[in-house]
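Asks: Below are the structure tokens for one structure; questions will follow.
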Amino acid sequence: MNSSPTRMPWVDTAKGLSIILVVMMYSAYNTGEYTDGVGFLHYVIGFATPFRMPEFFLISGLFLSQVIDRPWRRYIDRRVVHYLYFYVLWAIISIGLKIGIFSRDPGGMLHDLAMAVVQPYGVLWFIYMLAVFGLVAKLLRQFAVPAWIVIPIAAGLQMWAPKPDSYAVEQFAAYFVFFYLGFVMAPMIFRLVEWTQGRPALAVAGLAMWAVVNGLLVYSPGYAMHPVDMQMGLAAWPPLHLVLAVAGAVALCVLGGFLSRFAAWEWLRWLGEHSLVVYVAFTIPMSLFRGAALASGLLTDTGMLSLAVLLVSIISPVVLYFIVQRIGFGMFLFERPAWAHVDRSPAPKAPQPVAAE
């Protein structure tokens with residue numbers, strides 16, 4: 001389970017933390033929807049509400065500077081086609097299973113497949129938006145638009161939080177600023193993590209202070225926890241929400257740097273390196289297990305059921321990944337095959353992993 005020499009362990013550890021938080025959110029709210037209850041994981045994920053998704057996008061932008069000046073064809077292959085391949089593949093799988101087979105609605109399946117082209121489908125919206133963000137960042141670079149113009153506009157969109165008919169536009173407004181900040185702030189973040197790795201006591205103290213402030217602002221008067229979402233307290237104020245999102249994303253990077261120093265957290269680093277393996281495949285086992293558990297009546301407490309759903313949702317894709325590796329068939333589910341590349345100069349030596357940046 002050793003990491004590739006070309007990867008930075010703390011980045012993958014931070015991504016591991018992020019994927020757990022993302023799956024935890026879906027597990028808790030999906031369970032809460034069917035039990036009409038609130039469990040302890042709701043409060044854990046409530047704490048992470050400001051930075052849960054911003055962290056993923058900020059990390060995705062950290063290495064953009066290494067590829068953004070590549071020729072268009074190569075850049076599009078690595079930063080756009082790469083993500084679109086997994087989006088299309090898993091959208092077809094998810095829609096085919098849920099609508100075509102389980103719901104026995106071929107007409108609805110075809111409708112959803114057509115809509116998935118212009119409207120990100122389900123939890124796969126994250127992968128869809130990575131492709132869009134990569135394309136927009138390249139265009140901004142091509143036309144030499146300075147960061148001091150891009151960042152205020154992107155931040156303004158995030159705070160405005162428009163709700164247009166287009167889900168893609170809504171998610172672009174909500175998260176592009178974090179992707180772009182990861183690109184612009186990368187040198188500072190790398191230096192900060194390196195500095196805190198050499199000063200673990202200061203890192204822990206700083207993380208503790210951040211956690212207290214973030215928690216107090218999220219759970220300040222006015223907050224409300226619901227089975228399928230939460231209303232934050234003072235942290236809901238748009239400018240403060242933006243600040244907490246960036247602070248939380250950076251804090252998770254520092255935490256990733258701290259944890260990556262210990263061999264006991266190697267599993268978390270591996271999970272982060274293969275985070276998209278989990279992301280593309282966790283919803284199917286999540287739904288199946290939650291439905292079976294509720295039908296059996298053996299596990300009805302919202303908190304414990306949410307925890308069980310979380311564990312199954314993370315472990316199942318990993319098990320599937322190892323099975324596919326072992327039998328040697330189906331790796332196209334998690335690795336982009338050679339035929340799915342548009343840049344063949346030089347031709348890929350091996351399939352590109354789903355978690356590649």
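Starting from 1 in every chain, residues are counted up; chains themselves are A, B, ... following the order of the structure tokens, and ligands are numbered from 1 as listed.
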Would you mind listing what lies within 9 Å of Val38 in chain A as a list in words, with only C-alpha atoms counted and same-chain residues fewer than 5 positions away left out?

Replies: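 What passes the distance filter is Ala28, Tyr29, Thr31, Gly32, Tyr43, Met225, His226, Pro227, Val228, Thr302 and Gly303 of chain A.
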
Asks: Leu252 in chain A: which residues within 8 Å, counting only C-alpha atoms, same-chain residues fewer than 6 positions away excluded, as a PyMOL selection string?

Replies: chain A and resi 14+17+55

Asks: Taking C-alpha atoms for each residue, export the selection above as a PDB file, in the first residue's frame.

Replies:
```pdb
ATOM      1  CA  ALA A  14      -6.448  15.086   3.236  1.00  0.00           C
ATOM      2  CA  LEU A  17     -10.584  12.752   5.139  1.00  0.00           C
ATOM      3  CA  GLU A  55     -11.911  20.991   0.506  1.00  0.00           C
TER       4      GLU A  55
END
```

Asks: Would you please give, as number ranges by chain, all residues of range 134-312 of chain A that DSSP assigns to strand (DSSP E) based on the backbone?

Replies: A: 224-225, 230-231

Asks: Just write the chosen residues, N, CA, C and O atoms, as a PDB file, in the first residue's frame.

Replies:
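So part.pdb came out as:
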```pdb
ATOM      1  N   ALA A 224     -30.320  24.719  13.100  1.00  0.00           N
ATOM      2  CA  ALA A 224     -31.384  23.716  13.205  1.00  0.00           C
ATOM      3  C   ALA A 224     -30.951  22.473  12.443  1.00  0.00           C
ATOM      4  O   ALA A 224     -30.502  22.563  11.302  1.00  0.00           O
ATOM      5  N   MET A 225     -31.082  21.319  13.084  1.00  0.00           N
ATOM      6  CA  MET A 225     -30.719  20.062  12.460  1.00  0.00           C
ATOM      7  C   MET A 225     -31.978  19.349  11.991  1.00  0.00           C
ATOM      8  O   MET A 225     -32.926  19.177  12.754  1.00  0.00           O
ATOM      9  N   MET A 230     -29.162  20.640   7.285  1.00  0.00           N
ATOM     10  CA  MET A 230     -29.070  21.446   8.507  1.00  0.00           C
ATOM     11  C   MET A 230     -29.008  22.924   8.142  1.00  0.00           C
ATOM     12  O   MET A 230     -28.568  23.292   7.045  1.00  0.00           O
ATOM     13  N   GLN A 231     -29.479  23.741   9.064  1.00  0.00           N
ATOM     14  CA  GLN A 231     -29.369  25.187   8.945  1.00  0.00           C
ATOM     15  C   GLN A 231     -28.308  25.642   9.933  1.00  0.00           C
ATOM     16  O   GLN A 231     -28.451  25.421  11.138  1.00  0.00           O
TER      17      GLN A 231
END
```

Asks: Given the choices A:Ile149, A:Lys138, A:Lys163, A:Arg269, which gets closest to Asp69 in chain A if the distance is worked out from only C-alpha atoms?

Replies: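 Comparing A:Ile149, A:Lys138, A:Lys163, A:Arg269 against Asp69 in chain A, the winner is A:Lys138.
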
Asks: May I have the residues within 12 Å of Pro71 in chain A as a PyMOL selection string, using only C-alpha atoms and disregarding those fewer than 6 positions away in the same chain?

Replies: chain A and resi 77-79+138+142+343+345

Asks: Skip Val150 in chain A itself and residues of its chain fewer than 2 positions away, then list as a PyMOL selection string all residues within 10 Å of it, counting only C-alpha atoms.

Replies: chain A and resi 137+140+145-148+152-156+177+180-181

Asks: Restricting the output to N, CA and C atoms, write the selected residues as a PDB file, in the first residue's frame.

Replies:
```pdb
ATOM      1  N   ALA A 137     -10.811  27.057 -16.236  1.00  0.00           N
ATOM      2  CA  ALA A 137      -9.505  27.543 -15.784  1.00  0.00           C
ATOM      3  C   ALA A 137      -8.541  27.680 -16.957  1.00  0.00           C
ATOM      4  N   LEU A 140      -9.490  30.778 -18.958  1.00  0.00           N
ATOM      5  CA  LEU A 140      -9.058  31.989 -18.267  1.00  0.00           C
ATOM      6  C   LEU A 140      -7.558  32.207 -18.439  1.00  0.00           C
ATOM      7  N   VAL A 145      -6.615  36.218 -18.111  1.00  0.00           N
ATOM      8  CA  VAL A 145      -7.432  36.932 -17.126  1.00  0.00           C
ATOM      9  C   VAL A 145      -6.739  36.827 -15.776  1.00  0.00           C
ATOM     10  N   PRO A 146      -6.383  37.935 -15.147  1.00  0.00           N
ATOM     11  CA  PRO A 146      -5.614  37.876 -13.892  1.00  0.00           C
ATOM     12  C   PRO A 146      -6.441  37.350 -12.719  1.00  0.00           C
ATOM     13  N   ALA A 147      -5.749  36.765 -11.758  1.00  0.00           N
ATOM     14  CA  ALA A 147      -6.422  36.183 -10.587  1.00  0.00           C
ATOM     15  C   ALA A 147      -7.167  37.252  -9.791  1.00  0.00           C
ATOM     16  N   TRP A 148      -6.651  38.484  -9.784  1.00  0.00           N
ATOM     17  CA  TRP A 148      -7.293  39.523  -8.986  1.00  0.00           C
ATOM     18  C   TRP A 148      -8.658  39.919  -9.553  1.00  0.00           C
ATOM     19  N   PRO A 152     -12.401  37.727  -7.037  1.00  0.00           N
ATOM     20  CA  PRO A 152     -13.565  38.471  -6.518  1.00  0.00           C
ATOM     21  C   PRO A 152     -14.877  38.093  -7.203  1.00  0.00           C
ATOM     22  N   ILE A 153     -14.827  37.860  -8.517  1.00  0.00           N
ATOM     23  CA  ILE A 153     -16.058  37.479  -9.225  1.00  0.00           C
ATOM     24  C   ILE A 153     -16.526  36.105  -8.758  1.00  0.00           C
ATOM     25  N   ALA A 154     -15.584  35.150  -8.656  1.00  0.00           N
ATOM     26  CA  ALA A 154     -15.942  33.799  -8.216  1.00  0.00           C
ATOM     27  C   ALA A 154     -16.443  33.812  -6.776  1.00  0.00           C
ATOM     28  N   ALA A 155     -15.811  34.618  -5.923  1.00  0.00           N
ATOM     29  CA  ALA A 155     -16.257  34.725  -4.542  1.00  0.00           C
ATOM     30  C   ALA A 155     -17.640  35.362  -4.466  1.00  0.00           C
ATOM     31  N   GLY A 156     -17.881  36.363  -5.307  1.00  0.00           N
ATOM     32  CA  GLY A 156     -19.193  36.993  -5.343  1.00  0.00           C
ATOM     33  C   GLY A 156     -20.277  36.011  -5.752  1.00  0.00           C
ATOM     34  N   VAL A 177     -14.833  28.959  -7.026  1.00  0.00           N
ATOM     35  CA  VAL A 177     -13.884  29.795  -6.294  1.00  0.00           C
ATOM     36  C   VAL A 177     -12.883  28.947  -5.518  1.00  0.00           C
ATOM     37  N   TYR A 180     -10.313  27.380  -7.952  1.00  0.00           N
ATOM     38  CA  TYR A 180      -9.382  28.395  -8.431  1.00  0.00           C
ATOM     39  C   TYR A 180      -8.446  28.858  -7.308  1.00  0.00           C
ATOM     40  N   LEU A 181      -8.969  28.954  -6.080  1.00  0.00           N
ATOM     41  CA  LEU A 181      -8.114  29.319  -4.953  1.00  0.00           C
ATOM     42  C   LEU A 181      -7.058  28.253  -4.699  1.00  0.00           C
TER      43      LEU A 181
END
```

Asks: Do a neighbour search on range 170-172 of chain A at 10 Å with only C-alpha atoms, toss out local chain neighbours closer than 6 positions, and write the hits as a ChimeraX atom specification.

Replies: /A:120,125-126,129-130,132-133,154,157-158,161-164

Asks: With C-alpha atoms retained, export the selected residues as a PDB file, in the first residue's frame.

Replies:
```pdb
ATOM      1  CA  PRO A 120     -24.995  16.673 -13.586  1.00  0.00           C
ATOM      2  CA  TRP A 125     -22.044  16.113 -10.173  1.00  0.00           C
ATOM      3  CA  PHE A 126     -18.636  16.458  -8.502  1.00  0.00           C
ATOM      4  CA  MET A 129     -17.899  19.885 -12.387  1.00  0.00           C
ATOM      5  CA  LEU A 130     -14.196  18.975 -12.191  1.00  0.00           C
ATOM      6  CA  VAL A 132     -16.053  22.028 -16.291  1.00  0.00           C
ATOM      7  CA  PHE A 133     -13.715  23.754 -13.821  1.00  0.00           C
ATOM      8  CA  ALA A 154     -15.942  33.799  -8.216  1.00  0.00           C
ATOM      9  CA  LEU A 157     -20.945  34.137  -7.148  1.00  0.00           C
ATOM     10  CA  GLN A 158     -20.352  31.841  -4.189  1.00  0.00           C
ATOM     11  CA  ALA A 161     -25.560  31.487  -4.322  1.00  0.00           C
ATOM     12  CA  PRO A 162     -27.952  31.755  -7.295  1.00  0.00           C
ATOM     13  CA  LYS A 163     -30.549  29.017  -7.806  1.00  0.00           C
ATOM     14  CA  PRO A 164     -31.087  28.919 -11.569  1.00  0.00           C
TER      15      PRO A 164
END
```

Asks: Which is closer to Ile127 in chain A than all the others in A:Trp160, A:Pro9, A:Leu276, A:Pro50, using only C-alpha atoms?

Replies: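 For Ile127 in chain A, the nearest of the candidates is A:Leu276.
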
Asks: Give me, please, the distance in Å between CA of Tyr167 in chain A and CA of Ala116 in chain A, quoted to one decimal.

Replies: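 That distance, rounded to one decimal, is 10.6 Å.
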